[in-house]
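Everything below concerns the one structure shown next.
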Number of protein chains: 2
Amino acid sequence: MKARDFKNRIYTELSAIAKALANPHRLEIIDLLAQGPSSVEYIAKNTGMTIANASQHLQTLKSARLVKAERRGKYSFYSLQSTDVFKLWKTMRELGFAQNAQIGKLLRDFRKSRHNLESVDSDKLLDRIEKGEALLLDVRPREEYEAGHIASAVSIPKNELLERLKSLPKNKEIIAYCRGPLCAMADDAIKILHEHGYTASRLEAGFPEWDTEGKPVD
Amino acid sequence: MKARDFKNRIYTELSAIAKALANPHRLEIIDLLAQGPSSVEYIAKNTGMTIANASQHLQTLKSARLVKAERRGKYSFYSLQSTDVFKLWKTMRELGFAQNAQIGKLLRDFRKSRHNLESVDSDKLLDRIEKGEALLLDVRPREEYEAGHIASAVSIPKNELLERLKSLPKNKEIIAYCRGPLCAMADDAIKILHEHGYTASRLEAGFPEWDTEGKPVD
DNA sequence: CCAACATTCAATAATTCTATTGATTGTTAA
DNA sequence: TTAACAATCAATAGAATTATTGAATGTTGG
């Protein structure tokens, strides 16, 4: 094979990976699948897509080998092909945050509009939890908590928070987390907690970021 | 802003980065710009594109903030916006090699067809050069060598190799390197060296990989 | 100023991508 | 077996991407 032919083929193959990532819905799907395996219906509901459209995008991701599908009864469960896929997405996301002022501004403005500028440094967090100064609250849907969560975290899904408020202590700081930096569930939870007199702040990272950093999970 | 609107906007912005990478020519441009700043003409010549087409792709990369342009006289010199862009491309490339058997096979078959299966481990290389057992040969075009090269490397561009063979020692192993794992220039050089009785092998990494690993460069 | 040259711009046709729609294929539970 | 349901398939119109062509812009050196 000529060197030129080889280059054409290999750059074409590699650009197929970028093509699979080159769509906002598919990025959101990857962010969601980083929480754990999900059915097509669940993905569609959580991203605001129709079932058919979600299915189509999932197949695009599958043929680029970024996700895999497993049949369980009448459901297809999709999951990331490997954690390296999440790492690639995270690398790309961070390049966007660092390099594109518009993207950074979008994120900051959104946080600001929720009165939630400061987020907790994850390094010091473990200490504070052990000392009983802080409580870690997972506000994602139950399914995602059960698929994997940060060690010692308590699960109260965002839409159950109001009715289960009383189970939370007022003498500890409550650290809420959700799917990751682009997820608003923890922000919403904090707003509710503040309105009811709790001390609460947000963990910037979500479960997948925590997990890929090798920190303790259940 | 509603959470849904925020997500739509931020995933759309981030997918613009992937869109810019979602083309084989643009990936090849990034691989080339990782060697150092280049004019449009140089890029076009080295990737087999027309000037107008190269210019158009460069503008696509520029508006995604992956590359930047600087005017020098009548030339526009393009370069990567930051080394993080190279790191993103490298992450994507490695995911492709690891996850897609077809891509891995393409690379192996190409190397095999050039009788060049083994490549040198870059960790032990520095020692061997210091001991005088090996000589590092940069076979990229002069411009790229001058823009930056591995410390202690000697420059003989691939197409000058035949006429400058005599300047190379026969009692040392010659380690050739070029732009990186997708570049064939080092393979071509090794073929020539073998045909003339030299001991030669290839460094898998190119200059940009070496540099981003923090190893010594000039 | 003019000629030469590097690059960009503008227009276009061919191709590819995307969301929607409705039909079809599998699977489970009654 | 049938009804209900999850997912996929197939077709399609509208939008976006791409290579090519030739013209336009901007810079340098004489």
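Please note that chains go A, B, ... in the order of the structure tokens, that every chain numbers its residues from 1, and that ligands are numbered from 1 in the order shown.
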
With a cut-off of 10 Å and counting only C-alpha atoms (C1' of nucleotides), select all residues of chain C in contact with chain A and give the selection as a count of residues only. 8

Please check the contacts: residues of chain D at most 8 Å away from chain A, using only C-alpha atoms (C1' of nucleotides), listed as a list in words. DA6, DA7 and DT8 of chain D

Please report, as CSV, each residue of chain A lying at most 6 Å from chain B, together with the nearest pair of atoms and the separation in Å rounded to one decimal; use only C-alpha atoms, and order rows by chain and ascending residue number.
```
residue,atom,partner,partner_atom,distance
A:Tyr11,CA,B:Pro24,CA,4.7
A:Thr12,CA,B:Pro24,CA,4.8
A:Ser15,CA,B:Ala22,CA,4.9
A:Ala18,CA,B:Ala22,CA,4.6
A:Lys19,CA,B:Ala22,CA,4.6
A:Leu21,CA,B:Ala18,CA,5.7
A:Ala22,CA,B:Ala18,CA,4.6
A:Asn23,CA,B:Ser15,CA,5.3
A:Pro24,CA,B:Tyr11,CA,4.7
```

All alpha helix (DSSP H) positions in range 69-184 of chain B, as a PyMOL selection string: chain B and resi 83-99+101-113+122-130+142-147

Extract, using only C-alpha atoms (C1' of nucleotides), all DNA, RNA and protein residues at most 9 Å from Leu58 in chain B, discarding same-chain residues fewer than 6 positions from it, and format them as a PyMOL selection string. chain B and resi 26+29+40+67-69+78

Could you tell me how far CA of Ala186 in chain A sits from CA of Lys166 in chain A, in Å to one decimal place?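 For CA of Lys166 in chain A relative to CA of Ala186 in chain A, the distance reads 18.0 Å.
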
If I take CA of Leu161 in chain A and CA of Ala205 in chain A, how far is one from the other in Å, to one decimal? 20.3 Å

Which of range 16-134 of chain A end up as strand (DSSP E) when DSSP is run on this backbone - answer as an NGL selection string? :A and (38-39 or 67-72 or 75-80 or 119-120 or 134)
